[in-house]
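Colleague: The structure file coords_19.pdb (PDB, C-alpha atoms and all ligand atoms) is provided below.
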ATOM      1  CA  MET A   6       0.000   0.000   0.000
ATOM      2  CA  VAL A   7       2.963   2.361   0.521
ATOM      3  CA  PRO A   8       3.576   4.472  -2.584
ATOM      4  CA  ALA A   9       7.055   4.923  -4.039
ATOM      5  CA  SER A  10       8.406   8.182  -5.472
ATOM      6  CA  PHE A  11       9.097   8.313  -9.190
ATOM      7  CA  GLU A  12      10.562  11.237 -11.139
ATOM      8  CA  VAL A  13       9.197  12.282 -14.519
ATOM      9  CA  VAL A  14      12.276  11.983 -16.747
ATOM     10  CA  ASP A  15      10.637  12.390 -20.143
ATOM     11  CA  LYS A  16       7.288  13.478 -21.517
ATOM     12  CA  ARG A  17       5.675  13.415 -24.960
ATOM     13  CA  GLN A  18       2.305  14.670 -26.182
ATOM     14  CA  ASP A  19       0.655  11.948 -28.305
ATOM     15  CA  THR A  20      -2.657  13.610 -29.217
ATOM     16  CA  ALA A  21      -4.680  16.642 -28.092
ATOM     17  CA  ASP A  22      -5.482  15.002 -24.739
ATOM     18  CA  VAL A  23      -3.059  12.065 -24.379
ATOM     19  CA  TRP A  24       0.496  12.213 -23.001
ATOM     20  CA  THR A  25       3.179   9.570 -22.453
ATOM     21  CA  LEU A  26       5.328   9.974 -19.344
ATOM     22  CA  GLU A  27       8.571   8.122 -18.638
ATOM     23  CA  LEU A  28       9.305   7.724 -14.951
ATOM     24  CA  ALA A  29      12.369   6.562 -13.025
ATOM     25  CA  ALA A  30      12.243   5.284  -9.442
ATOM     26  CA  ASP A  31      13.767   7.618  -6.877
ATOM     27  CA  SER A  32      15.366   4.486  -5.378
ATOM     28  CA  GLY A  33      17.141   3.735  -8.676
ATOM     29  CA  GLU A  34      15.571   0.229  -8.636
ATOM     30  CA  PRO A  35      14.163  -1.219 -11.898
ATOM     31  CA  PHE A  36      10.361  -1.607 -12.010
ATOM     32  CA  GLU A  37       9.709  -5.205 -13.125
ATOM     33  CA  PHE A  38       6.203  -5.881 -14.459
ATOM     34  CA  GLN A  39       4.305  -8.220 -16.749
ATOM     35  CA  PRO A  40       2.454  -6.996 -19.874
ATOM     36  CA  GLY A  41      -1.110  -6.012 -18.917
ATOM     37  CA  GLN A  42      -0.363  -4.913 -15.360
ATOM     38  CA  PHE A  43      -1.162  -1.454 -14.022
ATOM     39  CA  THR A  44      -0.080   0.918 -11.258
ATOM     40  CA  MET A  45      -1.989   3.256  -8.960
ATOM     41  CA  LEU A  46      -0.568   6.626 -10.000
ATOM     42  CA  ALA A  47      -0.943  10.094  -8.481
ATOM     43  CA  ALA A  48       0.365  13.601  -9.108
ATOM     44  CA  GLY A  49       0.233  15.946  -6.129
ATOM     45  CA  GLY A  50      -2.999  15.759  -4.166
ATOM     46  CA  ALA A  51      -5.270  15.281  -7.166
ATOM     47  CA  GLY A  52      -6.118  11.631  -6.419
ATOM     48  CA  GLU A  53      -4.732   8.227  -7.242
ATOM     49  CA  VAL A  54      -5.946   6.355 -10.345
ATOM     50  CA  PRO A  55      -5.246   3.024 -12.054
ATOM     51  CA  ILE A  56      -3.121   3.413 -15.181
ATOM     52  CA  SER A  57      -1.785   0.559 -17.308
ATOM     53  CA  ILE A  58       1.921   0.300 -17.971
ATOM     54  CA  SER A  59       2.605   1.070 -21.651
ATOM     55  CA  GLY A  60       6.375   0.550 -21.649
ATOM     56  CA  ASP A  61       8.652  -2.279 -22.722
ATOM     57  CA  PRO A  62       8.735  -5.107 -20.148
ATOM     58  CA  ASP A  63      12.346  -5.744 -21.184
ATOM     59  CA  ARG A  64      13.308  -2.169 -20.168
ATOM     60  CA  PRO A  65      12.279  -2.088 -16.478
ATOM     61  CA  GLU A  66      14.588   0.847 -15.757
ATOM     62  CA  ARG A  67      11.832   3.116 -17.123
ATOM     63  CA  LEU A  68       8.174   3.006 -16.014
ATOM     64  CA  VAL A  69       6.095   4.272 -18.940
ATOM     65  CA  HIS A  70       2.456   5.399 -18.766
ATOM     66  CA  THR A  71       0.225   6.776 -21.525
ATOM     67  CA  VAL A  72      -2.591   8.801 -20.046
ATOM     68  CA  LYS A  73      -5.719  10.465 -21.401
ATOM     69  CA  ALA A  74      -6.701  13.604 -19.482
ATOM     70  CA  VAL A  75     -10.383  13.043 -18.616
ATOM     71  CA  GLY A  76     -10.736  14.432 -15.061
ATOM     72  CA  LEU A  77      -8.961  15.791 -12.008
ATOM     73  CA  ALA A  78      -6.403  13.016 -11.414
ATOM     74  CA  THR A  79      -5.503  12.302 -15.033
ATOM     75  CA  GLU A  80      -5.265  16.039 -15.850
ATOM     76  CA  ALA A  81      -2.772  16.472 -12.979
ATOM     77  CA  ILE A  82      -0.708  13.496 -14.226
ATOM     78  CA  CYS A  83      -0.715  14.789 -17.805
ATOM     79  CA  ALA A  84       0.345  18.258 -16.574
ATOM     80  CA  ALA A  85       3.360  16.864 -14.665
ATOM     81  CA  GLN A  86       6.675  18.198 -15.976
ATOM     82  CA  PRO A  87      10.132  16.568 -16.154
ATOM     83  CA  GLY A  88      11.720  16.761 -12.714
ATOM     84  CA  GLN A  89       8.365  16.476 -10.907
ATOM     85  CA  MET A  90       7.793  13.529  -8.538
ATOM     86  CA  LEU A  91       4.753  11.240  -8.870
ATOM     87  CA  SER A  92       3.610   8.570  -6.447
ATOM     88  CA  VAL A  93       3.336   4.985  -7.688
ATOM     89  CA  ARG A  94       1.954   1.774  -6.175
ATOM     90  CA  GLY A  95       2.147  -1.565  -7.915
ATOM     91  CA  PRO A  96       2.478  -3.304 -10.286
ATOM     92  CA  PHE A  97      -0.953  -4.876  -9.848
ATOM     93  CA  GLY A  98      -3.289  -7.205 -11.722
ATOM     94  CA  ARG A  99      -3.451 -10.342 -13.809
ATOM     95  CA  PRO A 100      -1.350  -9.980 -16.983
ATOM     96  CA  TRP A 101      -1.996 -10.911 -20.622
ATOM     97  CA  PRO A 102      -1.618 -14.672 -21.353
ATOM     98  CA  VAL A 103       1.716 -14.368 -23.175
ATOM     99  CA  ASP A 104       2.854 -17.943 -22.489
ATOM    100  CA  GLU A 105      -0.512 -19.459 -23.342
ATOM    101  CA  ALA A 106      -0.257 -17.723 -26.730
ATOM    102  CA  GLU A 107       2.859 -19.731 -27.645
ATOM    103  CA  GLY A 108       2.386 -21.505 -30.990
ATOM    104  CA  ALA A 109      -0.866 -19.651 -31.723
ATOM    105  CA  ASN A 110      -1.920 -17.034 -34.253
ATOM    106  CA  VAL A 111      -2.179 -13.981 -32.000
ATOM    107  CA  VAL A 112      -4.643 -11.172 -32.639
ATOM    108  CA  ILE A 113      -4.251  -7.901 -30.733
ATOM    109  CA  ALA A 114      -7.397  -5.760 -31.028
ATOM    110  CA  ALA A 115      -7.269  -2.239 -29.603
ATOM    111  CA  GLY A 116      -9.701   0.667 -29.594
ATOM    112  CA  GLY A 117      -8.481   4.223 -28.864
ATOM    113  CA  ILE A 118      -6.768   4.521 -25.469
ATOM    114  CA  GLY A 119      -6.920   0.686 -25.333
ATOM    115  CA  LEU A 120      -3.654   0.482 -27.287
ATOM    116  CA  PRO A 121      -1.304   1.578 -24.424
ATOM    117  CA  PRO A 122      -2.222  -1.412 -22.176
ATOM    118  CA  LEU A 123      -1.470  -3.672 -25.164
ATOM    119  CA  ARG A 124       1.844  -2.046 -26.168
ATOM    120  CA  PRO A 125       3.913  -4.109 -23.636
ATOM    121  CA  VAL A 126       2.485  -7.370 -24.998
ATOM    122  CA  ILE A 127       3.132  -6.250 -28.589
ATOM    123  CA  LEU A 128       6.785  -5.535 -27.689
ATOM    124  CA  ARG A 129       7.120  -8.861 -25.824
ATOM    125  CA  LEU A 130       5.634 -10.850 -28.755
ATOM    126  CA  LEU A 131       8.036  -9.121 -31.148
ATOM    127  CA  ALA A 132      11.011  -9.741 -28.859
ATOM    128  CA  GLN A 133      10.143 -13.468 -28.879
ATOM    129  CA  ARG A 134       8.784 -13.582 -32.445
ATOM    130  CA  GLU A 135       9.788 -17.238 -33.015
ATOM    131  CA  ARG A 136       7.374 -18.468 -30.294
ATOM    132  CA  TYR A 137       4.233 -17.387 -32.197
ATOM    133  CA  ARG A 138       2.643 -17.976 -35.576
ATOM    134  CA  ARG A 139       0.888 -15.063 -37.289
ATOM    135  CA  LEU A 140       0.826 -11.770 -35.341
ATOM    136  CA  LEU A 141      -1.996  -9.411 -36.222
ATOM    137  CA  LEU A 142      -2.837  -5.970 -34.822
ATOM    138  CA  LEU A 143      -6.335  -4.577 -35.397
ATOM    139  CA  TYR A 144      -6.451  -0.956 -34.216
ATOM    140  CA  SER A 145      -9.437   1.363 -34.358
ATOM    141  CA  GLY A 146      -9.670   5.035 -33.435
ATOM    142  CA  ARG A 147     -12.252   7.786 -33.761
ATOM    143  CA  SER A 148     -10.225   9.834 -36.241
ATOM    144  CA  PRO A 149      -6.684   9.802 -37.687
ATOM    145  CA  ASP A 150      -5.461  12.487 -35.276
ATOM    146  CA  GLU A 151      -6.583  10.417 -32.270
ATOM    147  CA  LEU A 152      -4.495   7.373 -33.241
ATOM    148  CA  LEU A 153      -1.654   6.599 -30.821
ATOM    149  CA  PHE A 154       1.918   5.362 -31.451
ATOM    150  CA  THR A 155       1.587   6.056 -35.186
ATOM    151  CA  ASP A 156       5.386   6.418 -35.349
ATOM    152  CA  GLU A 157       5.755   2.806 -34.152
ATOM    153  CA  LEU A 158       3.137   1.054 -36.304
ATOM    154  CA  ASP A 159       5.503   0.761 -39.313
ATOM    155  CA  ASP A 160       8.261  -0.622 -37.125
ATOM    156  CA  TRP A 161       5.921  -3.241 -35.626
ATOM    157  CA  SER A 162       4.847  -4.156 -39.134
ATOM    158  CA  ARG A 163       8.473  -4.516 -40.321
ATOM    159  CA  ARG A 164       9.273  -6.733 -37.341
ATOM    160  CA  GLY A 165       6.432  -9.197 -37.911
ATOM    161  CA  PHE A 166       2.986  -7.794 -37.174
ATOM    162  CA  ASP A 167       0.266  -7.498 -39.813
ATOM    163  CA  VAL A 168      -1.098  -4.079 -38.850
ATOM    164  CA  LEU A 169      -4.631  -3.061 -39.863
ATOM    165  CA  VAL A 170      -5.964   0.322 -38.775
ATOM    166  CA  THR A 171      -9.425   1.802 -39.134
ATOM    167  CA  VAL A 172     -11.049   5.068 -38.044
ATOM    168  CA  ASP A 173     -14.702   5.948 -37.450
ATOM    169  CA  ALA A 174     -14.455   9.085 -39.577
ATOM    170  CA  ALA A 175     -11.763  10.787 -41.671
ATOM    171  CA  GLY A 176     -11.135  13.526 -44.200
ATOM    172  CA  GLU A 177      -9.801  13.072 -47.742
ATOM    173  CA  GLU A 178      -6.178  12.916 -46.547
ATOM    174  CA  TRP A 179      -6.859   9.465 -44.994
ATOM    175  CA  ASP A 180      -6.484   6.593 -47.423
ATOM    176  CA  GLY A 181      -6.907   3.774 -44.892
ATOM    177  CA  HIS A 182      -9.955   1.872 -43.671
ATOM    178  CA  VAL A 183     -13.022   3.702 -42.378
ATOM    179  CA  GLY A 184     -15.469   1.825 -40.165
ATOM    180  CA  VAL A 185     -15.614  -0.221 -37.023
ATOM    181  CA  VAL A 186     -13.244  -2.951 -35.905
ATOM    182  CA  THR A 187     -15.509  -5.723 -37.231
ATOM    183  CA  LYS A 188     -14.634  -4.563 -40.739
ATOM    184  CA  LEU A 189     -10.980  -5.301 -39.984
ATOM    185  CA  VAL A 190     -11.851  -8.787 -38.732
ATOM    186  CA  ARG A 191     -13.357  -9.554 -42.146
ATOM    187  CA  HIS A 192     -10.277  -8.077 -43.892
ATOM    188  CA  ALA A 193      -7.816  -9.985 -41.728
ATOM    189  CA  LYS A 194      -8.595 -13.356 -43.341
ATOM    190  CA  LEU A 195      -7.940 -15.242 -40.129
ATOM    191  CA  GLU A 196      -6.711 -18.759 -40.791
ATOM    192  CA  ALA A 197      -8.316 -21.772 -39.243
ATOM    193  CA  GLY A 198      -6.350 -23.211 -36.349
ATOM    194  CA  GLU A 199      -5.392 -21.945 -32.980
ATOM    195  CA  VAL A 200      -6.124 -18.257 -32.464
ATOM    196  CA  LEU A 201      -5.691 -16.273 -29.263
ATOM    197  CA  VAL A 202      -7.097 -12.751 -29.072
ATOM    198  CA  MET A 203      -6.141  -9.995 -26.618
ATOM    199  CA  SER A 204      -8.313  -6.903 -26.672
ATOM    200  CA  CYS A 205      -8.705  -3.591 -24.872
ATOM    201  CA  GLY A 206     -11.027  -0.747 -25.760
ATOM    202  CA  PRO A 207     -14.577   0.484 -25.244
ATOM    203  CA  GLU A 208     -16.844  -2.334 -24.042
ATOM    204  CA  LEU A 209     -19.126  -1.913 -27.053
ATOM    205  CA  MET A 210     -16.156  -2.362 -29.396
ATOM    206  CA  MET A 211     -15.112  -5.536 -27.591
ATOM    207  CA  ARG A 212     -18.672  -6.919 -27.823
ATOM    208  CA  PHE A 213     -18.737  -6.284 -31.604
ATOM    209  CA  LEU A 214     -15.285  -7.819 -31.903
ATOM    210  CA  VAL A 215     -16.362 -11.039 -30.180
ATOM    211  CA  SER A 216     -19.439 -11.365 -32.447
ATOM    212  CA  ALA A 217     -17.290 -10.829 -35.548
ATOM    213  CA  LEU A 218     -14.740 -13.392 -34.371
ATOM    214  CA  THR A 219     -17.472 -15.899 -33.512
ATOM    215  CA  ALA A 220     -18.834 -15.460 -37.049
ATOM    216  CA  GLN A 221     -15.354 -16.516 -38.296
ATOM    217  CA  GLY A 222     -15.454 -19.639 -36.122
ATOM    218  CA  ILE A 223     -13.235 -18.297 -33.314
ATOM    219  CA  GLY A 224     -14.677 -19.255 -29.928
ATOM    220  CA  SER A 225     -15.139 -16.523 -27.309
ATOM    221  CA  ASP A 226     -13.053 -18.538 -24.838
ATOM    222  CA  SER A 227     -10.016 -17.678 -27.014
ATOM    223  CA  VAL A 228     -10.636 -13.974 -26.358
ATOM    224  CA  TYR A 229      -9.015 -12.122 -23.454
ATOM    225  CA  ILE A 230     -10.016  -8.560 -22.630
ATOM    226  CA  SER A 231      -8.801  -5.913 -20.192
ATOM    227  CA  MET A 232     -11.561  -4.340 -18.103
ATOM    228  CA  GLU A 233     -11.727  -0.828 -16.658
ATOM    229  CA  ARG A 234     -13.603  -0.020 -13.472
ATOM    230  CA  ASN A 235     -13.193   2.683 -10.823
ATOM    231  CA  MET A 236     -10.624   1.552  -8.295
ATOM    232  CA  GLN A 237      -9.303   2.752  -4.984
ATOM    233  CA  CYS A 238      -7.048   0.294  -3.178
ATOM    234  CA  GLY A 239      -5.746  -1.735  -6.153
ATOM    235  CA  ILE A 240      -5.230  -4.815  -3.936
ATOM    236  CA  GLY A 241      -8.680  -6.376  -3.523
ATOM    237  CA  ARG A 242      -9.587  -4.813  -0.170
ATOM    238  CA  CYS A 243     -12.028  -1.944  -0.745
ATOM    239  CA  GLY A 244     -14.495  -3.508  -3.212
ATOM    240  CA  HIS A 245     -14.806  -0.408  -5.430
ATOM    241  CA  CYS A 246     -14.012  -2.309  -8.618
ATOM    242  CA  GLN A 247     -16.413  -5.207  -8.077
ATOM    243  CA  LEU A 248     -17.684  -6.753 -11.304
ATOM    244  CA  GLY A 249     -20.145  -9.570 -10.614
ATOM    245  CA  PRO A 250     -18.350 -12.025  -8.321
ATOM    246  CA  THR A 251     -14.877 -10.644  -9.119
ATOM    247  CA  LEU A 252     -12.728  -7.644  -8.215
ATOM    248  CA  VAL A 253     -11.090  -6.129 -11.296
ATOM    249  CA  CYS A 254      -7.914  -5.047  -9.451
ATOM    250  CA  ARG A 255      -7.308  -8.523  -8.020
ATOM    251  CA  ASP A 256      -8.882 -10.970 -10.497
ATOM    252  CA  GLY A 257      -8.363  -8.796 -13.607
ATOM    253  CA  PRO A 258      -7.931  -6.468 -15.333
ATOM    254  CA  VAL A 259      -7.316  -9.229 -17.891
ATOM    255  CA  TYR A 260     -10.151 -11.760 -18.111
ATOM    256  CA  ARG A 261     -11.169 -14.481 -20.516
ATOM    257  CA  TRP A 262     -14.314 -13.186 -22.265
ATOM    258  CA  PRO A 263     -16.782 -15.785 -20.843
ATOM    259  CA  GLU A 264     -15.657 -14.867 -17.282
ATOM    260  CA  VAL A 265     -17.087 -11.345 -17.584
ATOM    261  CA  SER A 266     -19.484 -11.246 -20.521
ATOM    262  CA  PRO A 267     -22.612 -12.006 -18.403
ATOM    263  CA  TRP A 268     -21.955  -8.830 -16.375
ATOM    264  CA  LEU A 269     -21.271  -6.509 -19.307
ATOM    265  CA  THR A 270     -24.892  -6.362 -20.413
ATOM    266  CA  ILE A 271     -26.067  -5.068 -17.017
ATOM    267  CA  ARG A 272     -26.288  -1.260 -17.065
ATOM    268  CA  GLU A 273     -24.202   0.671 -14.507
ATOM    269  CA  LEU A 274     -22.491  -2.500 -13.234
TER     270      LEU A 274
HETATM  271  C1  LIG B 301      -6.886  -1.316 -14.860
HETATM  272  C2  LIG B 301      -7.075   0.066 -15.461
HETATM  273  C3  LIG B 301      -6.130   0.537 -16.351
HETATM  274  C4  LIG B 301      -6.266   1.816 -16.906
HETATM  275  N1  LIG B 301      -5.305   2.256 -17.759
HETATM  276  C5  LIG B 301      -5.398   3.489 -18.272
HETATM  277  C6  LIG B 301      -4.365   3.977 -19.134
HETATM  278  O1  LIG B 301      -3.381   3.284 -19.437
HETATM  279  N2  LIG B 301      -4.485   5.240 -19.590
HETATM  280  C7  LIG B 301      -5.553   6.034 -19.273
HETATM  281  O2  LIG B 301      -5.598   7.173 -19.725
HETATM  282  N3  LIG B 301      -6.557   5.599 -18.472
HETATM  283  C8  LIG B 301      -6.486   4.357 -17.951
HETATM  284  N4  LIG B 301      -7.475   3.910 -17.112
HETATM  285  C9  LIG B 301      -8.629   4.800 -16.816
HETATM  286  C10 LIG B 301      -8.253   5.788 -15.719
HETATM  287  O3  LIG B 301      -8.037   5.100 -14.505
HETATM  288  C11 LIG B 301      -9.410   6.802 -15.534
HETATM  289  O4  LIG B 301      -9.475   7.613 -16.687
HETATM  290  C12 LIG B 301      -9.173   7.663 -14.302
HETATM  291  O5  LIG B 301      -9.447   6.898 -13.148
HETATM  292  C13 LIG B 301     -10.062   8.910 -14.336
HETATM  293  O6  LIG B 301      -9.825   9.653 -13.156
HETATM  294  P1  LIG B 301      -9.950  11.248 -13.149
HETATM  295  O7  LIG B 301      -9.936  11.717 -11.737
HETATM  296  O8  LIG B 301      -8.955  11.862 -14.065
HETATM  297  O9  LIG B 301     -11.359  11.499 -13.781
HETATM  298  P2  LIG B 301     -12.805  11.373 -13.095
HETATM  299  O10 LIG B 301     -13.277  12.741 -12.807
HETATM  300  O11 LIG B 301     -12.781  10.344 -12.009
HETATM  301  O12 LIG B 301     -13.599  10.755 -14.300
HETATM  302  C14 LIG B 301     -13.735  11.399 -15.551
HETATM  303  C15 LIG B 301     -14.603  10.515 -16.436
HETATM  304  O13 LIG B 301     -13.994   9.222 -16.638
HETATM  305  C16 LIG B 301     -14.845   8.176 -16.126
HETATM  306  N5  LIG B 301     -13.998   7.231 -15.387
HETATM  307  C17 LIG B 301     -13.359   7.434 -14.232
HETATM  308  N6  LIG B 301     -12.631   6.363 -13.872
HETATM  309  C18 LIG B 301     -12.827   5.438 -14.821
HETATM  310  C19 LIG B 301     -12.361   4.125 -15.031
HETATM  311  N7  LIG B 301     -11.543   3.499 -14.182
HETATM  312  N8  LIG B 301     -12.766   3.489 -16.129
HETATM  313  C20 LIG B 301     -13.584   4.068 -17.000
HETATM  314  N9  LIG B 301     -14.071   5.311 -16.873
HETATM  315  C21 LIG B 301     -13.707   5.997 -15.800
HETATM  316  C22 LIG B 301     -15.816   8.855 -15.188
HETATM  317  O14 LIG B 301     -17.061   8.160 -15.131
HETATM  318  C23 LIG B 301     -15.979  10.219 -15.827
HETATM  319  O15 LIG B 301     -16.886  10.169 -16.897
HETATM  320  C24 LIG B 301      -7.390   2.631 -16.559
HETATM  321  C25 LIG B 301      -8.351   2.139 -15.679
HETATM  322  C26 LIG B 301      -8.198   0.863 -15.133
HETATM  323  C27 LIG B 301      -9.222   0.344 -14.189
END
Would you put the structure from the file into structure tokens?

Modeller:
Amino acid sequence: MVPASFEVVDKRQDTADVWTLELAADSGEPFEFQPGQFTMLAAGGAGEVPISISGDPDRPERLVHTVKAVGLATEAICAAQPGQMLSVRGPFGRPWPVDEAEGANVVIAAGGIGLPPLRPVILRLLAQRERYRRLLLLYSGRSPDELLFTDELDDWSRRGFDVLVTVDAAGEEWDGHVGVVTKLVRHAKLEAGEVLVMSCGPELMMRFLVSALTAQGIGSDSVYISMERNMQCGIGRCGHCQLGPTLVCRDGPVYRWPEVSPWLTIREL
């Protein structure tokens, strides 16, 4: 429960309201984590919030977070400047099933700010490329200027990912796909055989994704998603992030789809 002090050592603006911060522990210790885990992060007295780690798990000397400014706590984090100290607890949560994906065709499906929690698993899969069959990234955003990590997409593609991107709406300068993520599933021509899907994004997007995959013969028990719920303690004590019989901070945020799908149709849950 005791937070550690981390210094902001680098900062980049990704889009109009999203920033990536690189942090280094005041103690000088590396911050080991597994892809999919999150920290409880706070700047000043503006409140502590769960934020996924978006950095490279093979570079634990830097703790990287990509944050969308939506309210008091995230605005304070995004406003933090190099040299400023932030408080960090963690890492917490169940990670992506990287080992279970060995030998499979792996599909990463991200919507909007859902890409940062998936970036560590993308980097891990690329670092161990020989362990997996086809690697496919399906990424959807509202508009071209809201897409994240656009400077890295080509690199990921060169190193072994098939990258397909779509946006909900775009001007004439955009020559890529327009439409929802399901359109990409049809385009992806997924081969029969073992497929493992890891997805993070708006719940509606993930529901559409699962229906599109099911239509291609991919069972929903091959789909893992990362859930977002309001959290306070991060360690399964306070109950704020309860989702049906589970606590997202302790039992998630990564779940197999059938574990949580019954609860996703209940409003306000
Ligand atoms: C496991 C986990 C990982 C996350 N990773 C990231 C990340 O990598 N980057 C990132 O930008 N955000 C991430 N979030 C979401 C982030 O925690 C919320 O945006 C943050 O708590 C909002 O706090 P605030 O005080 O800035 O805004 P508030 O004033 O609390 O909220 C602003 C708006 O966001 C909604 N909201 C608040 N908290 C959440 C939440 N947890 N989930 C969904 N909606 C919420 C509120 O209903 C309100 O509409 C993650 C959440 C979880 C649970």

Colleague: With a distance cut-off of 12 Å and all atoms listed in the file, select the neighbouring residues of region 77-80 of chain A, excluding the residue or stretch itself and same-chain residues fewer than 6 positions from it, and output the selection as a short mmCIF file (atom, residue, chain, number, x, y, z; two decimals) with C-alpha atoms, in the coordinates of the input.

Modeller:
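out_17.cif, written as the output of this step:
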data_model
loop_
_atom_site.label_atom_id
_atom_site.label_comp_id
_atom_site.auth_asym_id
_atom_site.auth_seq_id
_atom_site.Cartn_x
_atom_site.Cartn_y
_atom_site.Cartn_z
CA ASP A 22 -5.48 15.00 -24.74
CA VAL A 23 -3.06 12.06 -24.38
CA TRP A 24 0.50 12.21 -23.00
CA THR A 25 3.18 9.57 -22.45
CA LEU A 26 5.33 9.97 -19.34
CA MET A 45 -1.99 3.26 -8.96
CA LEU A 46 -0.57 6.63 -10.00
CA ALA A 47 -0.94 10.09 -8.48
CA ALA A 48 0.36 13.60 -9.11
CA GLY A 49 0.23 15.95 -6.13
CA GLY A 50 -3.00 15.76 -4.17
CA ALA A 51 -5.27 15.28 -7.17
CA GLY A 52 -6.12 11.63 -6.42
CA GLU A 53 -4.73 8.23 -7.24
CA VAL A 54 -5.95 6.36 -10.34
CA PRO A 55 -5.25 3.02 -12.05
CA ILE A 56 -3.12 3.41 -15.18
CA HIS A 70 2.46 5.40 -18.77
CA THR A 71 0.22 6.78 -21.52
CA LEU A 91 4.75 11.24 -8.87
#

Colleague: Since I can't run it myself right now, could you work out what the PyMOL selection byres (((chain A and resi 33) around 12) and not hetatm) selects here and report it as a list of chain:residue names?

Modeller: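 So the PyMOL selection byres (((chain A and resi 33) around 12) and not hetatm) ends up selecting A:Ala9, A:Ser10, A:Phe11, A:Glu12, A:Leu28, A:Ala29, A:Ala30, A:Asp31, A:Ser32, A:Glu34, A:Pro35, A:Phe36, A:Pro65, A:Glu66, A:Arg67, A:Leu68.
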
Colleague: Just to confirm, what's the straight-line distance from CA of Lys73 (chain A) to CA of Glu233 (chain A) in Å (one decimal)?

Modeller: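 Calculated distance between CA of Lys73 (chain A) and CA of Glu233 (chain A) is 13.6 Å.
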
Colleague: Please provide as a list of chain:residue names all residues within 7 Å of Ser148 (chain A), with the sequence filter that same-chain residues fewer than 4 positions apart are discarded (counting only C-alpha atoms).

Modeller: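 In the requested format, the answer is A:Leu152, A:Val172, A:Asp173, A:Ala174, A:Ala175.
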
Colleague: Just say which residues the PyMOL selection byres (((chain A and resi 262-269) around 8) and not hetatm) picks in this file, as a ChimeraX atom specification.

Modeller: /A:208,225-230,248-249,260-261,270-272,274

Colleague: For the atom pair CA of Ala84 (chain A) and CA of Arg64 (chain A), what is the interatomic distance in Å to one decimal place?

Modeller: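 For CA of Ala84 (chain A) relative to CA of Arg64 (chain A), the distance reads 24.5 Å.
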
Colleague: What does the structure give for the distance between CA of Leu128 (chain A) and CA of Ser59 (chain A), in Å to one decimal?

Modeller: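 Going from CA of Leu128 (chain A) over to CA of Ser59 (chain A) covers 9.9 Å.
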
Colleague: Check which residues satisfy the PyMOL selection byres (((chain A and resi 87) around 8) and not hetatm) in the file shown, then give them as an MDAnalysis selection string.

Modeller: chainID A and resid 12:16 85:86 88:89

Colleague: Extending 5 Å beyond the listed atoms of region 120-127 of chain A on each side, what axis-aligned box results? I want centre and edge lengths in Å to one decimal, as AutoDock Vina command-line options.

Modeller:
--center_x 0.1 --center_y -2.9 --center_z -25.4 --size_x 17.6 --size_y 18.9 --size_z 16.4

Colleague: Distance cut-off 10 Å, centre (-0.7, 12.8, -34.7) in file coordinates, counting all atoms listed in the file: which residues qualify? Return them as a PyMOL selection string.

Modeller: chain A and resi 18-21+149-156

Colleague: Would you put the residues from that selection into a file with C-alpha atoms, as an mmCIF file, keeping the file's coordinate frame?

Modeller:
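result.cif written:
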data_model
loop_
_atom_site.group_PDB
_atom_site.id
_atom_site.type_symbol
_atom_site.label_atom_id
_atom_site.label_comp_id
_atom_site.auth_asym_id
_atom_site.auth_seq_id
_atom_site.Cartn_x
_atom_site.Cartn_y
_atom_site.Cartn_z
ATOM 1 C CA GLN A 18 2.305 14.670 -26.182
ATOM 2 C CA ASP A 19 0.655 11.948 -28.305
ATOM 3 C CA THR A 20 -2.657 13.610 -29.217
ATOM 4 C CA ALA A 21 -4.680 16.642 -28.092
ATOM 5 C CA PRO A 149 -6.684 9.802 -37.687
ATOM 6 C CA ASP A 150 -5.461 12.487 -35.276
ATOM 7 C CA GLU A 151 -6.583 10.417 -32.270
ATOM 8 C CA LEU A 152 -4.495 7.373 -33.241
ATOM 9 C CA LEU A 153 -1.654 6.599 -30.821
ATOM 10 C CA PHE A 154 1.918 5.362 -31.451
ATOM 11 C CA THR A 155 1.587 6.056 -35.186
ATOM 12 C CA ASP A 156 5.386 6.418 -35.349
#

Colleague: Leaving out Val170 (chain A) and any residue of its chain fewer than 6 positions from it, which residues lie within 7 Å of it when counting only C-alpha atoms, given as a VMD selection string?

Modeller: chain A and resid 143 to 145 182

Colleague: What's the 12 Å shell around Leu201 (chain A), counting all atoms listed in the file, without same-chain residues fewer than 5 positions away, as a ChimeraX atom specification?

Modeller: /A:101-114,137-141,195-196,215,218,223-230,261-262

Colleague: With distances taken over only C-alpha atoms and all ligand atoms, which of A:Phe97, A:Trp161, A:Phe166, A:Phe213 is nearest to ligand LIG 301 (chain B)?

Modeller: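 For ligand LIG 301 (chain B), the nearest of the candidates is A:Phe97.
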
Colleague: May I ask which of the residues A:Gln247, A:Gly165, A:Ile58, A:Leu209 is the closest one to ligand LIG 301 (chain B), counting all atoms listed in the file?

Modeller: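 Comparing A:Gln247, A:Gly165, A:Ile58, A:Leu209 against ligand LIG 301 (chain B), the winner is A:Ile58.
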